[in-house]
Amino acid sequence: MSWNIFEILETAADVFSAVGTSPIKDSEARARKKDKKKDKYFTEKVSAKFILASVVLFFVVFHKPLPIGDQTTALIVSSLIGTAISALLFFLLNLMELYYFKSIFKLLLFSCSVIAFFIALVMCVYYKSGVFI
């Protein structure tokens, strides 16, 4: 009886494919599961940081009364500028293929938090720099 190494390897491959698990695929699956577990709440964590930063910036802007002037126009213009900057960021993220979400809740949470952050940032720069008033 002659033993052919290729027949043995073919038989082992058939056994592994019949069972459905191979040692290589099983370890890859565990690694993917571990990576997925790390990034499970990544969107929520980033959104919470943007919301926290925007709350701090809004507090910096609104803790004292706003200067006398056309406040409504200034608030509208700064909101539009912040929204435009956010749209530019979303466009760049889309080009880099990083703007995709598994649920609509994550999309809305991330988008609203980024928009609020950039509006607060623009308002902070507008009112606290003193150049525009």
# chains A, B, ... in the order shown; residues from 1 in each chain; ligands from 1
$ residues_around --residues "stretch 121-131 of chain A" --least-positions-apart "2" --cutoff "9 Å" --atoms "only C-alpha atoms" --output "mmCIF file with all heavy atoms, in the first residue's frame"
data_model
loop_
_atom_site.group_PDB
_atom_site.id
_atom_site.type_symbol
_atom_site.label_atom_id
_atom_site.label_comp_id
_atom_site.auth_asym_id
_atom_site.auth_seq_id
_atom_site.Cartn_x
_atom_site.Cartn_y
_atom_site.Cartn_z
ATOM 1 N N SER A 54 -20.103 69.953 22.537
ATOM 2 C CA SER A 54 -21.032 71.004 22.117
ATOM 3 C C SER A 54 -21.756 71.626 23.302
ATOM 4 O O SER A 54 -22.013 72.832 23.319
ATOM 5 C CB SER A 54 -22.035 70.465 21.096
ATOM 6 O OG SER A 54 -22.847 69.476 21.668
ATOM 7 N N LEU A 57 -19.328 74.088 24.793
ATOM 8 C CA LEU A 57 -19.207 75.285 23.955
ATOM 9 C C LEU A 57 -20.466 76.142 24.013
ATOM 10 O O LEU A 57 -20.377 77.382 24.030
ATOM 11 C CB LEU A 57 -18.887 74.889 22.516
ATOM 12 C CG LEU A 57 -17.480 74.336 22.284
ATOM 13 C CD1 LEU A 57 -17.337 73.836 20.851
ATOM 14 C CD2 LEU A 57 -16.426 75.377 22.596
ATOM 15 N N PHE A 58 -21.647 75.517 24.023
ATOM 16 C CA PHE A 58 -22.881 76.297 24.155
ATOM 17 C C PHE A 58 -22.924 77.015 25.508
ATOM 18 O O PHE A 58 -23.392 78.156 25.596
ATOM 19 C CB PHE A 58 -24.121 75.410 23.991
ATOM 20 C CG PHE A 58 -24.521 75.164 22.568
ATOM 21 C CD1 PHE A 58 -24.776 73.871 22.135
ATOM 22 C CD2 PHE A 58 -24.662 76.200 21.661
ATOM 23 C CE1 PHE A 58 -25.150 73.630 20.833
ATOM 24 C CE2 PHE A 58 -25.042 75.977 20.361
ATOM 25 C CZ PHE A 58 -25.283 74.677 19.940
ATOM 26 N N VAL A 60 -20.322 78.089 27.168
ATOM 27 C CA VAL A 60 -19.379 79.208 27.058
ATOM 28 C C VAL A 60 -20.026 80.379 26.335
ATOM 29 O O VAL A 60 -19.848 81.544 26.722
ATOM 30 C CB VAL A 60 -18.089 78.754 26.335
ATOM 31 C CG1 VAL A 60 -17.231 79.941 25.940
ATOM 32 C CG2 VAL A 60 -17.309 77.800 27.215
ATOM 33 N N VAL A 61 -20.813 80.103 25.314
ATOM 34 C CA VAL A 61 -21.447 81.175 24.534
ATOM 35 C C VAL A 61 -22.606 81.795 25.302
ATOM 36 O O VAL A 61 -22.735 83.027 25.353
ATOM 37 C CB VAL A 61 -21.936 80.639 23.166
ATOM 38 C CG1 VAL A 61 -22.787 81.672 22.443
ATOM 39 C CG2 VAL A 61 -20.766 80.238 22.315
ATOM 40 N N LEU A 66 -26.050 87.672 25.415
ATOM 41 C CA LEU A 66 -25.364 87.976 24.160
ATOM 42 C C LEU A 66 -25.243 89.484 23.980
ATOM 43 O O LEU A 66 -26.078 90.255 24.480
ATOM 44 C CB LEU A 66 -26.124 87.359 22.988
ATOM 45 C CG LEU A 66 -26.174 85.830 22.964
ATOM 46 C CD1 LEU A 66 -27.037 85.360 21.805
ATOM 47 C CD2 LEU A 66 -24.792 85.245 22.853
ATOM 48 N N PRO A 67 -24.222 89.940 23.293
ATOM 49 C CA PRO A 67 -24.065 91.376 23.072
ATOM 50 C C PRO A 67 -25.250 91.954 22.297
ATOM 51 O O PRO A 67 -25.911 91.259 21.528
ATOM 52 C CB PRO A 67 -22.793 91.490 22.238
ATOM 53 C CG PRO A 67 -22.147 90.167 22.265
ATOM 54 C CD PRO A 67 -23.160 89.179 22.696
ATOM 55 N N ALA A 74 -27.441 86.833 13.602
ATOM 56 C CA ALA A 74 -26.158 86.212 13.946
ATOM 57 C C ALA A 74 -26.337 84.736 14.277
ATOM 58 O O ALA A 74 -25.515 83.900 13.867
ATOM 59 C CB ALA A 74 -25.517 86.952 15.114
ATOM 60 N N LEU A 75 -27.382 84.396 15.008
ATOM 61 C CA LEU A 75 -27.632 82.993 15.342
ATOM 62 C C LEU A 75 -27.963 82.166 14.106
ATOM 63 O O LEU A 75 -27.492 81.032 13.952
ATOM 64 C CB LEU A 75 -28.748 82.880 16.374
ATOM 65 C CG LEU A 75 -28.436 83.405 17.774
ATOM 66 C CD1 LEU A 75 -29.688 83.356 18.647
ATOM 67 C CD2 LEU A 75 -27.317 82.612 18.405
ATOM 68 N N SER A 78 -24.680 81.841 11.954
ATOM 69 C CA SER A 78 -23.727 80.900 12.549
ATOM 70 C C SER A 78 -24.256 79.461 12.489
ATOM 71 O O SER A 78 -23.473 78.519 12.316
ATOM 72 C CB SER A 78 -23.396 81.299 13.982
ATOM 73 O OG SER A 78 -24.555 81.320 14.771
ATOM 74 N N SER A 79 -25.557 79.274 12.591
ATOM 75 C CA SER A 79 -26.125 77.930 12.442
ATOM 76 C C SER A 79 -25.962 77.404 11.022
ATOM 77 O O SER A 79 -25.638 76.230 10.808
ATOM 78 C CB SER A 79 -27.611 77.929 12.810
ATOM 79 O OG SER A 79 -27.779 78.261 14.157
ATOM 80 N N ILE A 81 -23.604 78.329 8.892
ATOM 81 C CA ILE A 81 -22.179 78.053 8.676
ATOM 82 C C ILE A 81 -21.791 76.726 9.328
ATOM 83 O O ILE A 81 -21.077 75.911 8.734
ATOM 84 C CB ILE A 81 -21.316 79.215 9.210
ATOM 85 C CG1 ILE A 81 -21.527 80.453 8.351
ATOM 86 C CG2 ILE A 81 -19.844 78.840 9.217
ATOM 87 C CD1 ILE A 81 -20.900 81.711 8.926
ATOM 88 N N GLY A 82 -22.253 76.487 10.548
ATOM 89 C CA GLY A 82 -21.972 75.220 11.223
ATOM 90 C C GLY A 82 -22.550 74.022 10.481
ATOM 91 O O GLY A 82 -21.904 72.969 10.369
ATOM 92 N N ALA A 116 -24.486 69.764 15.860
ATOM 93 C CA ALA A 116 -24.541 70.580 17.081
ATOM 94 C C ALA A 116 -23.140 71.045 17.488
ATOM 95 O O ALA A 116 -22.962 72.197 17.907
ATOM 96 C CB ALA A 116 -25.185 69.803 18.219
ATOM 97 N N PHE A 117 -22.145 70.184 17.355
ATOM 98 C CA PHE A 117 -20.774 70.562 17.707
ATOM 99 C C PHE A 117 -20.271 71.701 16.830
ATOM 100 O O PHE A 117 -19.701 72.683 17.325
ATOM 101 C CB PHE A 117 -19.845 69.352 17.595
ATOM 102 C CG PHE A 117 -18.394 69.701 17.744
ATOM 103 C CD1 PHE A 117 -17.881 70.036 18.989
ATOM 104 C CD2 PHE A 117 -17.557 69.721 16.644
ATOM 105 C CE1 PHE A 117 -16.545 70.373 19.131
ATOM 106 C CE2 PHE A 117 -16.230 70.053 16.783
ATOM 107 C CZ PHE A 117 -15.714 70.381 18.023
ATOM 108 N N PHE A 118 -20.459 71.592 15.520
ATOM 109 C CA PHE A 118 -19.938 72.635 14.643
ATOM 110 C C PHE A 118 -20.710 73.944 14.773
ATOM 111 O O PHE A 118 -20.127 75.020 14.651
ATOM 112 C CB PHE A 118 -19.896 72.153 13.191
ATOM 113 C CG PHE A 118 -18.685 71.309 12.910
ATOM 114 C CD1 PHE A 118 -18.809 69.958 12.647
ATOM 115 C CD2 PHE A 118 -17.419 71.858 12.939
ATOM 116 C CE1 PHE A 118 -17.705 69.185 12.413
ATOM 117 C CE2 PHE A 118 -16.295 71.089 12.702
ATOM 118 C CZ PHE A 118 -16.439 69.746 12.432
ATOM 119 N N ILE A 119 -22.001 73.875 15.045
ATOM 120 C CA ILE A 119 -22.753 75.111 15.302
ATOM 121 C C ILE A 119 -22.241 75.774 16.575
ATOM 122 O O ILE A 119 -22.016 76.995 16.608
ATOM 123 C CB ILE A 119 -24.268 74.815 15.385
ATOM 124 C CG1 ILE A 119 -24.817 74.462 14.002
ATOM 125 C CG2 ILE A 119 -25.022 76.007 15.966
ATOM 126 C CD1 ILE A 119 -26.255 73.984 14.015
ATOM 127 N N ILE A 133 -18.109 91.471 16.299
ATOM 128 C CA ILE A 133 -19.117 92.254 17.008
ATOM 129 C C ILE A 133 -18.808 93.721 16.908
ATOM 130 O O ILE A 133 -17.741 94.187 17.003
ATOM 131 C CB ILE A 133 -19.225 91.799 18.482
ATOM 132 C CG1 ILE A 133 -19.642 90.337 18.499
ATOM 133 C CG2 ILE A 133 -20.215 92.655 19.240
ATOM 134 C CD1 ILE A 133 -19.641 89.709 19.873
#
$ residues_around --residues "stretch 44-46 of chain A" --least-positions-apart "4" --cutoff "9 Å" --atoms "only C-alpha atoms" --output "list in words"
Lys40, Phe50, Ile51, Lys106, Leu109, Phe110 and Ser113 of chain A
$ write_last_selection --atoms "N, CA, C and O atoms" --output "PDB file, in the first residue's frame"
ATOM      1  N   LYS A  40     -18.170  47.766  19.043  1.00  0.00           N
ATOM      2  CA  LYS A  40     -19.623  47.638  19.108  1.00  0.00           C
ATOM      3  C   LYS A  40     -20.303  48.980  19.373  1.00  0.00           C
ATOM      4  O   LYS A  40     -21.295  49.314  18.733  1.00  0.00           O
ATOM      5  N   PHE A  50     -18.927  64.254  21.040  1.00  0.00           N
ATOM      6  CA  PHE A  50     -19.334  65.458  20.304  1.00  0.00           C
ATOM      7  C   PHE A  50     -20.427  66.211  21.064  1.00  0.00           C
ATOM      8  O   PHE A  50     -20.403  67.444  21.134  1.00  0.00           O
ATOM      9  N   ILE A  51     -21.377  65.501  21.639  1.00  0.00           N
ATOM     10  CA  ILE A  51     -22.453  66.150  22.398  1.00  0.00           C
ATOM     11  C   ILE A  51     -21.894  66.837  23.633  1.00  0.00           C
ATOM     12  O   ILE A  51     -22.269  67.983  23.941  1.00  0.00           O
ATOM     13  N   LYS A 106     -28.212  55.200  14.720  1.00  0.00           N
ATOM     14  CA  LYS A 106     -26.802  55.577  14.782  1.00  0.00           C
ATOM     15  C   LYS A 106     -26.488  56.707  13.815  1.00  0.00           C
ATOM     16  O   LYS A 106     -25.706  57.609  14.123  1.00  0.00           O
ATOM     17  N   LEU A 109     -28.010  59.933  15.369  1.00  0.00           N
ATOM     18  CA  LEU A 109     -27.265  60.321  16.561  1.00  0.00           C
ATOM     19  C   LEU A 109     -25.940  60.965  16.177  1.00  0.00           C
ATOM     20  O   LEU A 109     -25.593  62.045  16.666  1.00  0.00           O
ATOM     21  N   PHE A 110     -25.190  60.318  15.306  1.00  0.00           N
ATOM     22  CA  PHE A 110     -23.894  60.845  14.892  1.00  0.00           C
ATOM     23  C   PHE A 110     -24.050  62.160  14.137  1.00  0.00           C
ATOM     24  O   PHE A 110     -23.348  63.143  14.421  1.00  0.00           O
ATOM     25  N   SER A 113     -25.191  65.074  16.445  1.00  0.00           N
ATOM     26  CA  SER A 113     -24.145  65.479  17.384  1.00  0.00           C
ATOM     27  C   SER A 113     -23.041  66.267  16.681  1.00  0.00           C
ATOM     28  O   SER A 113     -22.529  67.239  17.222  1.00  0.00           O
TER      29      SER A 113
END
$ atom_distance --atom1 "atom CA of A:Tyr99" --atom2 "atom CA of A:Ala87"
11.7 Å
$ atom_distance --atom1 "atom CA of A:Met96" --atom2 "atom CA of A:Tyr41"
20.8 Å
$ decode --residues "stretch 70-86 of chain A" --atoms "all heavy atoms" --output "mmCIF file, in the first residue's frame"
data_model
loop_
_atom_site.group_PDB
_atom_site.id
_atom_site.type_symbol
_atom_site.label_atom_id
_atom_site.label_comp_id
_atom_site.auth_asym_id
_atom_site.auth_seq_id
_atom_site.Cartn_x
_atom_site.Cartn_y
_atom_site.Cartn_z
ATOM 1 N N ASP A 70 -27.961 92.553 16.279
ATOM 2 C CA ASP A 70 -28.952 91.723 15.608
ATOM 3 C C ASP A 70 -28.661 90.257 15.928
ATOM 4 O O ASP A 70 -27.975 89.566 15.183
ATOM 5 C CB ASP A 70 -28.913 91.984 14.103
ATOM 6 C CG ASP A 70 -30.144 91.471 13.405
ATOM 7 O OD1 ASP A 70 -31.072 91.009 14.094
ATOM 8 O OD2 ASP A 70 -30.170 91.524 12.166
ATOM 9 N N GLN A 71 -29.180 89.810 17.077
ATOM 10 C CA GLN A 71 -28.866 88.473 17.571
ATOM 11 C C GLN A 71 -29.495 87.385 16.714
ATOM 12 O O GLN A 71 -28.874 86.344 16.479
ATOM 13 C CB GLN A 71 -29.339 88.330 19.009
ATOM 14 C CG GLN A 71 -28.615 89.237 19.959
ATOM 15 C CD GLN A 71 -29.209 89.176 21.355
ATOM 16 O OE1 GLN A 71 -30.151 88.434 21.602
ATOM 17 N NE2 GLN A 71 -28.654 89.962 22.264
ATOM 18 N N THR A 72 -30.707 87.613 16.239
ATOM 19 C CA THR A 72 -31.386 86.588 15.450
ATOM 20 C C THR A 72 -30.619 86.292 14.168
ATOM 21 O O THR A 72 -30.401 85.129 13.817
ATOM 22 C CB THR A 72 -32.819 87.036 15.122
ATOM 23 O OG1 THR A 72 -33.483 87.399 16.325
ATOM 24 C CG2 THR A 72 -33.584 85.934 14.429
ATOM 25 N N THR A 73 -30.197 87.325 13.487
ATOM 26 C CA THR A 73 -29.435 87.142 12.254
ATOM 27 C C THR A 73 -28.107 86.445 12.528
ATOM 28 O O THR A 73 -27.703 85.544 11.789
ATOM 29 C CB THR A 73 -29.179 88.497 11.562
ATOM 30 O OG1 THR A 73 -30.429 89.149 11.361
ATOM 31 C CG2 THR A 73 -28.481 88.305 10.238
ATOM 32 N N ALA A 74 -27.441 86.833 13.602
ATOM 33 C CA ALA A 74 -26.158 86.212 13.946
ATOM 34 C C ALA A 74 -26.337 84.736 14.277
ATOM 35 O O ALA A 74 -25.515 83.900 13.867
ATOM 36 C CB ALA A 74 -25.517 86.952 15.114
ATOM 37 N N LEU A 75 -27.382 84.396 15.008
ATOM 38 C CA LEU A 75 -27.632 82.993 15.342
ATOM 39 C C LEU A 75 -27.963 82.166 14.106
ATOM 40 O O LEU A 75 -27.492 81.032 13.952
ATOM 41 C CB LEU A 75 -28.748 82.880 16.374
ATOM 42 C CG LEU A 75 -28.436 83.405 17.774
ATOM 43 C CD1 LEU A 75 -29.688 83.356 18.647
ATOM 44 C CD2 LEU A 75 -27.317 82.612 18.405
ATOM 45 N N ILE A 76 -28.757 82.736 13.204
ATOM 46 C CA ILE A 76 -29.115 82.018 11.977
ATOM 47 C C ILE A 76 -27.898 81.818 11.089
ATOM 48 O O ILE A 76 -27.661 80.717 10.572
ATOM 49 C CB ILE A 76 -30.245 82.759 11.224
ATOM 50 C CG1 ILE A 76 -31.548 82.645 12.020
ATOM 51 C CG2 ILE A 76 -30.430 82.204 9.821
ATOM 52 C CD1 ILE A 76 -32.680 83.489 11.472
ATOM 53 N N VAL A 77 -27.097 82.859 10.931
ATOM 54 C CA VAL A 77 -25.915 82.761 10.070
ATOM 55 C C VAL A 77 -24.905 81.768 10.652
ATOM 56 O O VAL A 77 -24.345 80.939 9.924
ATOM 57 C CB VAL A 77 -25.279 84.150 9.850
ATOM 58 C CG1 VAL A 77 -23.915 84.047 9.210
ATOM 59 C CG2 VAL A 77 -26.193 85.009 9.008
ATOM 60 N N SER A 78 -24.680 81.841 11.954
ATOM 61 C CA SER A 78 -23.727 80.900 12.549
ATOM 62 C C SER A 78 -24.256 79.461 12.489
ATOM 63 O O SER A 78 -23.473 78.519 12.316
ATOM 64 C CB SER A 78 -23.396 81.299 13.982
ATOM 65 O OG SER A 78 -24.555 81.320 14.771
ATOM 66 N N SER A 79 -25.557 79.274 12.591
ATOM 67 C CA SER A 79 -26.125 77.930 12.442
ATOM 68 C C SER A 79 -25.962 77.404 11.022
ATOM 69 O O SER A 79 -25.638 76.230 10.808
ATOM 70 C CB SER A 79 -27.611 77.929 12.810
ATOM 71 O OG SER A 79 -27.779 78.261 14.157
ATOM 72 N N LEU A 80 -26.160 78.266 10.047
ATOM 73 C CA LEU A 80 -25.976 77.852 8.654
ATOM 74 C C LEU A 80 -24.518 77.529 8.342
ATOM 75 O O LEU A 80 -24.222 76.567 7.627
ATOM 76 C CB LEU A 80 -26.501 78.931 7.702
ATOM 77 C CG LEU A 80 -28.018 79.089 7.652
ATOM 78 C CD1 LEU A 80 -28.399 80.284 6.788
ATOM 79 C CD2 LEU A 80 -28.658 77.826 7.124
ATOM 80 N N ILE A 81 -23.604 78.329 8.892
ATOM 81 C CA ILE A 81 -22.179 78.053 8.676
ATOM 82 C C ILE A 81 -21.791 76.726 9.328
ATOM 83 O O ILE A 81 -21.077 75.911 8.734
ATOM 84 C CB ILE A 81 -21.316 79.215 9.210
ATOM 85 C CG1 ILE A 81 -21.527 80.453 8.351
ATOM 86 C CG2 ILE A 81 -19.844 78.840 9.217
ATOM 87 C CD1 ILE A 81 -20.900 81.711 8.926
ATOM 88 N N GLY A 82 -22.253 76.487 10.548
ATOM 89 C CA GLY A 82 -21.972 75.220 11.223
ATOM 90 C C GLY A 82 -22.550 74.022 10.481
ATOM 91 O O GLY A 82 -21.904 72.969 10.369
ATOM 92 N N THR A 83 -23.748 74.175 9.935
ATOM 93 C CA THR A 83 -24.365 73.100 9.158
ATOM 94 C C THR A 83 -23.598 72.858 7.864
ATOM 95 O O THR A 83 -23.420 71.702 7.450
ATOM 96 C CB THR A 83 -25.837 73.442 8.862
ATOM 97 O OG1 THR A 83 -26.505 73.715 10.092
ATOM 98 C CG2 THR A 83 -26.539 72.300 8.162
ATOM 99 N N ALA A 84 -23.120 73.910 7.227
ATOM 100 C CA ALA A 84 -22.338 73.752 5.995
ATOM 101 C C ALA A 84 -21.002 73.042 6.268
ATOM 102 O O ALA A 84 -20.580 72.185 5.489
ATOM 103 C CB ALA A 84 -22.096 75.117 5.355
ATOM 104 N N ILE A 85 -20.349 73.391 7.367
ATOM 105 C CA ILE A 85 -19.101 72.713 7.728
ATOM 106 C C ILE A 85 -19.371 71.232 8.012
ATOM 107 O O ILE A 85 -18.597 70.356 7.608
ATOM 108 C CB ILE A 85 -18.430 73.405 8.930
ATOM 109 C CG1 ILE A 85 -17.966 74.806 8.534
ATOM 110 C CG2 ILE A 85 -17.261 72.594 9.447
ATOM 111 C CD1 ILE A 85 -17.501 75.648 9.702
ATOM 112 N N SER A 86 -20.484 70.945 8.686
ATOM 113 C CA SER A 86 -20.848 69.547 8.959
ATOM 114 C C SER A 86 -21.114 68.792 7.662
ATOM 115 O O SER A 86 -20.695 67.635 7.514
ATOM 116 C CB SER A 86 -22.092 69.487 9.836
ATOM 117 O OG SER A 86 -21.873 70.135 11.052
#
